[in-house]
2 protein chains.
Amino acid sequence: MSQEESGNNKQAAASRRQFLRAGIAGGAALAGATAARAAGDPLITEIQDWNRYLGDGVDAAPYGVPSEFEAHVVRRDVPWLTADPVSSVNFTPLHELDGIITPNGLCFERHHGGTAIINPADHRLMINGLVDRSLVFTMQDLMRFPRENRVYFLECAANSGMEWRGAQLNGCQFTHGMVHCVVYTGVPLKYLLQEAGVKTTGKWVLAEGADASAMTRSIPIEKALEDCLVAFKMNGEALRPEQGYPVRLVVPGWEGNMWVKWLRRLEVGDEPWAQREETSKYTDLLESGKARRHTWVMDVKSVITSPSPQAPITHGRGQTVITGLAWSGNGTISRVDVSIDGGRNWRMARLDGPSLSKAMHRFYLDIDWDGSEMLLQSRAIDEAGYVQPTKNELRVERGVNSIYHNNGIQTWYVKGDGEVENVEVS
Amino acid sequence: MSQEESGNNKQAAASRRQFLRAGIAGGAALAGATAARAAGDPLITEIQDWNRYLGDGVDAAPYGVPSEFEAHVVRRDVPWLTADPVSSVNFTPLHELDGIITPNGLCFERHHGGTAIINPADHRLMINGLVDRSLVFTMQDLMRFPRENRVYFLECAANSGMEWRGAQLNGCQFTHGMVHCVVYTGVPLKYLLQEAGVKTTGKWVLAEGADASAMTRSIPIEKALEDCLVAFKMNGEALRPEQGYPVRLVVPGWEGNMWVKWLRRLEVGDEPWAQREETSKYTDLLESGKARRHTWVMDVKSVITSPSPQAPITHGRGQTVITGLAWSGNGTISRVDVSIDGGRNWRMARLDGPSLSKAMHRFYLDIDWDGSEMLLQSRAIDEAGYVQPTKNELRVERGVNSIYHNNGIQTWYVKGDGEVENVEVS
């Protein structure tokens, strides 16, 4: 039945069955309530307006929108985080989502010169530099090359960046919401580079955006030829304007800033360019005053999305679903452990849904909550064997000067009334 | 690099490499044009407005929407198909999409009493009939059971129904657009039935909707316990109102009408109920006057989505991407063949993207089009070994009285100027 049945999932499935047996005993309150309602809840025993009257026809919305009762499920910004005149970052509402795919309308935004609005008929992509022939592609040209479809997470290097110095933002939307995961459709970059003919001296590619910030990043030729895509679709439809419409670079597993949006130029060179966004920004300033650079891979990471500060437990004790996301720039997630006591004891979570390289993974731990306080943590392990570190382990290594590449373990403090706060445990 | 590298895909990858080598020679016109543009296309050599001026900030759309240049990518209805007062069916714009996931806003709609608008706080799901205890669940109750995430196609039994008597609707949106594919998150139905305790006499489940049509369908208990989900999320976010918000039944691989939306009741019984939608509707009237019933599985099917009548070839001869979708209610797609000469000769297409059971599969054939007329066909084969039949093979078996379960091979006639028409070949 399961689409991805690894040994790990089989073990987790066994613990789920164990829970279900326990749950029906332990969840007596839930069973009692559902049985009582069957005896006389007017919302099921009496005819409601939506049973009685014809609803709207299909002409209501040629392009559909969410229910009016989901109006709170939106991207949100943190006003003090970025400067005027326009806010340049908002966050995915991870606490309201499930599964592994992020709907296009909820994918976080991060840009450095606002959203460029480009008519695809007027867009051009140039390849120049150390190539046999410079080329300029129209969007129609790009659509003539063989395409691939891949599910990838995209995480901003500054995701969780405000947490380096301690628990600060009260909600996983804000601590971890600069990540999303969609299906990309695009042309492998290697086909375009082959068309231009990379000279043997060509070792780096500069990717440049067509927006007002002309975002530019250096990418090693090996990565460009390995798995980068020049993508024009996300989740089946055209890229959204804020995600680089009509075309963006996809750099699987690497920091989001390199996934240049509104991609207009690829220059092949013999060394990295040392642009602003790869020197003074997107490098990791250590305690010693030295900076790590070329820290492109987004290392193994996870977060519990519910319960969390914006998604408290409102149903009281008994059967409770703990769920979250895990991802790694190194490949698939092989295992996620969850602790309810601040990292003293760990239980293996159930991974559910397709397990794809450099994509989000969804995990669950189904518990019978006794109503006592919890310190919730999740710890992911990827196929390369990397284990997600604690924040303190990261600080010993890197200090607290950087706002980038924080993949430390997050702690949520669940109180007896189900409310949740962002905390740290020593 | 590839997420799904089957033997089949390896063969297809080999033919793709072969194409690429040939393509660079054969696609000389494309190469020439891209090189010429590099010498002096003002759209790349001169600064454009979107390079010069700051774009919109993130506050523009808390829930994002498509580009203004994609306004034509919408669900469309066929006015003469359904009666007043409200149209009850529209179609997914398959010709504009790629990959395997359908964005929620573009999933086709089909309802029998309009879209019910239900506040989830007021929704109830009852289980009654041959059970140990009748239960009524709130949405909050449902969210406490273990969840699963699965990618499934949903196809209306009447998809391609207008084509039984011959080529009629001029576009794959209309001939094949009553299908979509999303990630569902939900509770396995078996957990809820276990909670109620199905009596040994319980052999069927009646699923009933809360909309004005009170849609009701009988489902065998084996299927209910095998892989049905009570789903509350699609592509990560809450179901859309027109897809059954707040909760629908998911019946993997089976006809869409059984995926009861706005699910309010599950009654366990000892025989099927013979409701309207499983007797006078959704059965297949044969030439003999007898009708096939319980024809639930949606058999192996495919269609070329581009080029197609709404997506003609506009770039002239040379490198051309032929792409389409294949799916089967029996499991995964093992192979798709494409013909450019009306079924005389076949070439194996390249399957690309995750290959998941009872989900859409994306296929491509990259050709060097010489500008001559083509009769394009695709033929899918599923893991059970079923081969998609021709329309005439279907008619011999079933006549032309039914509007349901037409999985015949579709033919597109591509003219020398790239325009495309819906035709049949004998």
# chains A, B, ... in the order shown; residues from 1 in each chain; ligands from 1
$ residues_around --residues "Gly202 of chain B" --least-positions-apart "5" --cutoff "8 Å" --atoms "only C-alpha atoms" --output "VMD selection string"
chain B and resid 130 to 131 221 268 to 270
$ select_by_dssp --residues "segment 65-152 of chain A" --states "alpha helix (DSSP H)" --output "ChimeraX atom specification"
/A:139-142
$ write_last_selection --atoms "N, CA, C and O atoms" --output "PDB file, in the first residue's frame"
ATOM      1  N   MET A 139      12.379  32.562 -24.278  1.00  0.00           N
ATOM      2  CA  MET A 139      11.679  31.529 -23.517  1.00  0.00           C
ATOM      3  C   MET A 139      11.252  30.392 -24.444  1.00  0.00           C
ATOM      4  O   MET A 139      11.293  29.225 -24.075  1.00  0.00           O
ATOM      5  N   GLN A 140      10.830  30.746 -25.662  1.00  0.00           N
ATOM      6  CA  GLN A 140      10.425  29.705 -26.610  1.00  0.00           C
ATOM      7  C   GLN A 140      11.604  28.786 -26.949  1.00  0.00           C
ATOM      8  O   GLN A 140      11.427  27.575 -27.070  1.00  0.00           O
ATOM      9  N   ASP A 141      12.801  29.354 -27.080  1.00  0.00           N
ATOM     10  CA  ASP A 141      13.981  28.517 -27.330  1.00  0.00           C
ATOM     11  C   ASP A 141      14.161  27.501 -26.200  1.00  0.00           C
ATOM     12  O   ASP A 141      14.424  26.317 -26.434  1.00  0.00           O
ATOM     13  N   LEU A 142      14.047  27.983 -24.959  1.00  0.00           N
ATOM     14  CA  LEU A 142      14.268  27.097 -23.806  1.00  0.00           C
ATOM     15  C   LEU A 142      13.278  25.942 -23.777  1.00  0.00           C
ATOM     16  O   LEU A 142      13.612  24.829 -23.381  1.00  0.00           O
TER      17      LEU A 142
END
$ select_by_dssp --residues "segment 221-420 of chain A" --states "strand (DSSP E or B)" --output "PyMOL selection string"
chain A and resi 229-234+237-238+248-250+254+263-269+284-285+291-292+297+301-306+308+311+318-327+333-339+341+347-348+350-352+361-369+374-382+387+411-414+420
$ closest_atom_pairs --of "segment 106-171 of chain A" --to "segment 388-407 of chain A" --cutoff "7 Å" --atoms "only C-alpha atoms" --output "Markdown table"
| residue | atom | partner | partner_atom | distance |
| --- | --- | --- | --- | --- |
| A:Ala157 | CA | A:Tyr404 | CA | 5.2 |
| A:Ala158 | CA | A:Tyr404 | CA | 4.4 |
| A:Ser160 | CA | A:Asn406 | CA | 5.9 |
| A:Gly161 | CA | A:Ile403 | CA | 4.2 |
| A:Met162 | CA | A:Ile403 | CA | 6.4 |
| A:Trp164 | CA | A:Val400 | CA | 5.6 |
| A:Arg165 | CA | A:Val400 | CA | 6.0 |
$ write_last_selection --atoms "N, CA, C and O atoms" --output "mmCIF file, in the first residue's frame"
data_model
loop_
_atom_site.group_PDB
_atom_site.id
_atom_site.type_symbol
_atom_site.label_atom_id
_atom_site.label_comp_id
_atom_site.auth_asym_id
_atom_site.auth_seq_id
_atom_site.Cartn_x
_atom_site.Cartn_y
_atom_site.Cartn_z
ATOM 1 N N ALA A 157 19.687 30.642 3.133
ATOM 2 C CA ALA A 157 20.806 30.412 4.052
ATOM 3 C C ALA A 157 20.557 31.060 5.406
ATOM 4 O O ALA A 157 21.080 30.614 6.424
ATOM 5 N N ALA A 158 19.742 32.116 5.442
ATOM 6 C CA ALA A 158 19.471 32.832 6.693
ATOM 7 C C ALA A 158 18.273 32.265 7.445
ATOM 8 O O ALA A 158 17.854 32.840 8.450
ATOM 9 N N SER A 160 16.282 30.494 10.116
ATOM 10 C CA SER A 160 16.639 30.284 11.535
ATOM 11 C C SER A 160 17.788 31.184 11.967
ATOM 12 O O SER A 160 18.327 31.021 13.070
ATOM 13 N N GLY A 161 18.144 32.140 11.156
ATOM 14 C CA GLY A 161 19.301 32.997 11.421
ATOM 15 C C GLY A 161 19.152 33.853 12.666
ATOM 16 O O GLY A 161 20.151 34.190 13.320
ATOM 17 N N MET A 162 17.911 34.231 13.001
ATOM 18 C CA MET A 162 17.690 35.063 14.184
ATOM 19 C C MET A 162 17.869 34.275 15.481
ATOM 20 O O MET A 162 17.858 34.838 16.559
ATOM 21 N N TRP A 164 20.492 32.278 16.272
ATOM 22 C CA TRP A 164 21.877 31.981 16.654
ATOM 23 C C TRP A 164 22.174 32.397 18.098
ATOM 24 O O TRP A 164 22.855 31.709 18.840
ATOM 25 N N ARG A 165 21.607 33.549 18.513
ATOM 26 C CA ARG A 165 21.923 34.075 19.850
ATOM 27 C C ARG A 165 20.909 33.640 20.905
ATOM 28 O O ARG A 165 20.986 34.070 22.064
#
$ residues_around --residues "Ala33 of chain B" --least-positions-apart "5" --cutoff "12 Å" --atoms "only C-alpha atoms" --output "JSON, numbers by chain"
{"A": [133, 134, 135, 136, 137, 138, 140, 141], "B": [27, 28, 38, 39, 40, 41, 315]}
$ closest_residue --among "A:Glu68, A:Ile44, A:Ala60, A:Glu271" --to "Pro246 of chain B" --atoms "only C-alpha atoms"
A:Glu68
$ atom_distance --atom1 "atom CA of Val230 of chain A" --atom2 "atom CA of Arg265 of chain A"
11.3 Å
$ atom_distance --atom1 "atom CA of Gln310 of chain B" --atom2 "atom CA of His180 of chain B"
18.1 Å
$ closest_residue --among "A:Gly416, A:Pro220, A:Gly316, A:Gly353" --to "chain B" --atoms "only C-alpha atoms"
A:Gly353
$ closest_residue --among "B:Val250, B:Ile322, B:Phe153, B:Val205" --to "chain A" --atoms "only C-alpha atoms"
B:Ile322
$ closest_residue --among "A:Glu155, A:Glu424, A:Glu208, A:Glu277" --to "chain B" --atoms "only C-alpha atoms"
A:Glu208
$ closest_residue --among "B:Glu255, B:Glu278, B:Asp132, B:Asp59" --to "Gly114 of chain A" --atoms "only C-alpha atoms"
B:Asp59
$ closest_residue --among "B:Arg347, B:Arg240, B:Arg147, B:Arg293" --to "Asp366 of chain A" --atoms "only C-alpha atoms"
B:Arg147
$ residues_around --residues "Tyr152 of chain B" --least-positions-apart "4" --cutoff "8 Å" --atoms "only C-alpha atoms" --output "PDB file with all heavy atoms, in the first residue's frame"
ATOM      1  N   CYS B 181      -4.003  15.617 -10.270  1.00  0.00           N
ATOM      2  CA  CYS B 181      -3.129  14.794  -9.430  1.00  0.00           C
ATOM      3  C   CYS B 181      -2.506  15.675  -8.358  1.00  0.00           C
ATOM      4  O   CYS B 181      -1.823  16.647  -8.688  1.00  0.00           O
ATOM      5  CB  CYS B 181      -2.051  14.144 -10.291  1.00  0.00           C
ATOM      6  SG  CYS B 181      -0.988  12.998  -9.383  1.00  0.00           S
ATOM      7  N   VAL B 182      -2.767  15.351  -7.114  1.00  0.00           N
ATOM      8  CA  VAL B 182      -2.226  16.140  -5.996  1.00  0.00           C
ATOM      9  C   VAL B 182      -1.745  15.202  -4.892  1.00  0.00           C
ATOM     10  O   VAL B 182      -2.006  13.998  -4.916  1.00  0.00           O
ATOM     11  CB  VAL B 182      -3.278  17.119  -5.418  1.00  0.00           C
ATOM     12  CG1 VAL B 182      -3.833  18.039  -6.495  1.00  0.00           C
ATOM     13  CG2 VAL B 182      -4.409  16.378  -4.712  1.00  0.00           C
ATOM     14  N   VAL B 183      -1.049  15.776  -3.915  1.00  0.00           N
ATOM     15  CA  VAL B 183      -0.676  15.044  -2.706  1.00  0.00           C
ATOM     16  C   VAL B 183      -1.811  15.205  -1.703  1.00  0.00           C
ATOM     17  O   VAL B 183      -2.181  16.329  -1.365  1.00  0.00           O
ATOM     18  CB  VAL B 183       0.599  15.623  -2.056  1.00  0.00           C
ATOM     19  CG1 VAL B 183       1.062  14.709  -0.916  1.00  0.00           C
ATOM     20  CG2 VAL B 183       1.690  15.838  -3.057  1.00  0.00           C
ATOM     21  N   TYR B 184      -2.363  14.083  -1.235  1.00  0.00           N
ATOM     22  CA  TYR B 184      -3.397  14.141  -0.202  1.00  0.00           C
ATOM     23  C   TYR B 184      -2.794  13.840   1.160  1.00  0.00           C
ATOM     24  O   TYR B 184      -1.942  12.952   1.281  1.00  0.00           O
ATOM     25  CB  TYR B 184      -4.502  13.124  -0.485  1.00  0.00           C
ATOM     26  CG  TYR B 184      -5.302  13.462  -1.717  1.00  0.00           C
ATOM     27  CD1 TYR B 184      -5.013  12.873  -2.940  1.00  0.00           C
ATOM     28  CD2 TYR B 184      -6.319  14.404  -1.661  1.00  0.00           C
ATOM     29  CE1 TYR B 184      -5.723  13.214  -4.083  1.00  0.00           C
ATOM     30  CE2 TYR B 184      -7.038  14.747  -2.795  1.00  0.00           C
ATOM     31  CZ  TYR B 184      -6.741  14.145  -3.997  1.00  0.00           C
ATOM     32  OH  TYR B 184      -7.440  14.486  -5.124  1.00  0.00           O
ATOM     33  N   PRO B 252      -8.289   5.630  -4.043  1.00  0.00           N
ATOM     34  CA  PRO B 252      -7.198   5.617  -5.024  1.00  0.00           C
ATOM     35  C   PRO B 252      -7.442   4.728  -6.249  1.00  0.00           C
ATOM     36  O   PRO B 252      -7.817   3.553  -6.110  1.00  0.00           O
ATOM     37  CB  PRO B 252      -6.012   5.088  -4.198  1.00  0.00           C
ATOM     38  CG  PRO B 252      -6.328   5.475  -2.796  1.00  0.00           C
ATOM     39  CD  PRO B 252      -7.818   5.337  -2.684  1.00  0.00           C
ATOM     40  N   GLY B 253      -7.243   5.293  -7.421  1.00  0.00           N
ATOM     41  CA  GLY B 253      -7.345   4.551  -8.662  1.00  0.00           C
ATOM     42  C   GLY B 253      -8.762   4.341  -9.166  1.00  0.00           C
ATOM     43  O   GLY B 253      -8.952   3.869 -10.278  1.00  0.00           O
ATOM     44  N   SER B 357       2.512   4.915  -7.408  1.00  0.00           N
ATOM     45  CA  SER B 357       1.343   4.114  -7.722  1.00  0.00           C
ATOM     46  C   SER B 357       0.068   4.957  -7.753  1.00  0.00           C
ATOM     47  O   SER B 357      -0.196   5.744  -6.845  1.00  0.00           O
ATOM     48  CB  SER B 357       1.191   3.015  -6.663  1.00  0.00           C
ATOM     49  OG  SER B 357       0.111   2.178  -6.985  1.00  0.00           O
ATOM     50  N   LYS B 358      -0.725   4.797  -8.807  1.00  0.00           N
ATOM     51  CA  LYS B 358      -2.009   5.492  -8.951  1.00  0.00           C
ATOM     52  C   LYS B 358      -1.842   7.011  -8.990  1.00  0.00           C
ATOM     53  O   LYS B 358      -2.698   7.754  -8.525  1.00  0.00           O
ATOM     54  CB  LYS B 358      -2.986   5.048  -7.858  1.00  0.00           C
ATOM     55  CG  LYS B 358      -3.231   3.532  -7.882  1.00  0.00           C
ATOM     56  CD  LYS B 358      -4.001   3.012  -6.695  1.00  0.00           C
ATOM     57  CE  LYS B 358      -4.007   1.483  -6.724  1.00  0.00           C
ATOM     58  NZ  LYS B 358      -4.609   0.883  -5.541  1.00  0.00           N
ATOM     59  N   ALA B 359      -0.681   7.429  -9.484  1.00  0.00           N
ATOM     60  CA  ALA B 359      -0.414   8.866  -9.661  1.00  0.00           C
ATOM     61  C   ALA B 359      -0.140   9.139 -11.137  1.00  0.00           C
ATOM     62  O   ALA B 359       0.086   8.223 -11.922  1.00  0.00           O
ATOM     63  CB  ALA B 359       0.783   9.288  -8.813  1.00  0.00           C
ATOM     64  N   MET B 360      -0.185  10.418 -11.506  1.00  0.00           N
ATOM     65  CA  MET B 360       0.183  10.806 -12.855  1.00  0.00           C
ATOM     66  C   MET B 360       1.649  10.497 -13.109  1.00  0.00           C
ATOM     67  O   MET B 360       2.486  10.603 -12.217  1.00  0.00           O
ATOM     68  CB  MET B 360       0.024  12.317 -13.011  1.00  0.00           C
ATOM     69  CG  MET B 360      -1.378  12.789 -12.980  1.00  0.00           C
ATOM     70  SD  MET B 360      -2.190  12.513 -14.550  1.00  0.00           S
ATOM     71  CE  MET B 360      -3.386  13.848 -14.452  1.00  0.00           C
TER      72      MET B 360
END
$ residues_around --residues "Ile381 of chain B" --least-positions-apart "4" --cutoff "7 Å" --atoms "only C-alpha atoms" --output "PyMOL selection string"
chain B and resi 300+333-336+385-388
$ write_last_selection --atoms "N, CA, C and O atoms" --output "CSV table (one decimal), in the first residue's frame"
chain,number,residue,atom,x,y,z
B,300,VAL,N,-5.8,2.0,-17.5
B,300,VAL,CA,-4.6,2.7,-18.0
B,300,VAL,C,-4.9,3.7,-19.2
B,300,VAL,O,-5.7,3.3,-20.1
B,333,ILE,N,2.8,3.4,-14.0
B,333,ILE,CA,3.0,3.3,-15.5
B,333,ILE,C,4.4,2.7,-15.8
B,333,ILE,O,5.4,3.2,-15.2
B,334,SER,N,4.4,1.6,-16.5
B,334,SER,CA,5.7,1.0,-16.8
B,334,SER,C,6.3,1.5,-18.1
B,334,SER,O,7.6,1.5,-18.3
B,335,ARG,N,5.5,2.0,-19.0
B,335,ARG,CA,6.0,2.4,-20.3
B,335,ARG,C,5.0,3.2,-21.1
B,335,ARG,O,3.8,3.0,-21.0
B,336,VAL,N,5.4,4.2,-21.8
B,336,VAL,CA,4.6,4.9,-22.7
B,336,VAL,C,5.3,5.0,-24.1
B,336,VAL,O,6.5,5.3,-24.2
B,385,GLY,N,0.4,-4.7,-16.7
B,385,GLY,CA,0.5,-5.2,-18.1
B,385,GLY,C,-0.6,-4.8,-19.0
B,385,GLY,O,-0.6,-5.1,-20.2
B,386,TYR,N,-1.5,-4.0,-18.5
B,386,TYR,CA,-2.6,-3.5,-19.3
B,386,TYR,C,-2.1,-2.5,-20.4
B,386,TYR,O,-1.3,-1.7,-20.0
B,387,VAL,N,-2.5,-2.6,-21.6
B,387,VAL,CA,-2.1,-1.8,-22.7
B,387,VAL,C,-3.3,-0.9,-23.0
B,387,VAL,O,-4.4,-1.4,-23.3
B,388,GLN,N,-3.1,0.4,-23.1
B,388,GLN,CA,-4.2,1.3,-23.5
B,388,GLN,C,-4.7,1.0,-24.9
B,388,GLN,O,-4.0,0.8,-25.8
$ residues_around --residues "Ala326 of chain A" --least-positions-apart "4" --cutoff "6 Å" --atoms "only C-alpha atoms" --output "MDAnalysis selection string"
chainID A and resid 301:302 360:361
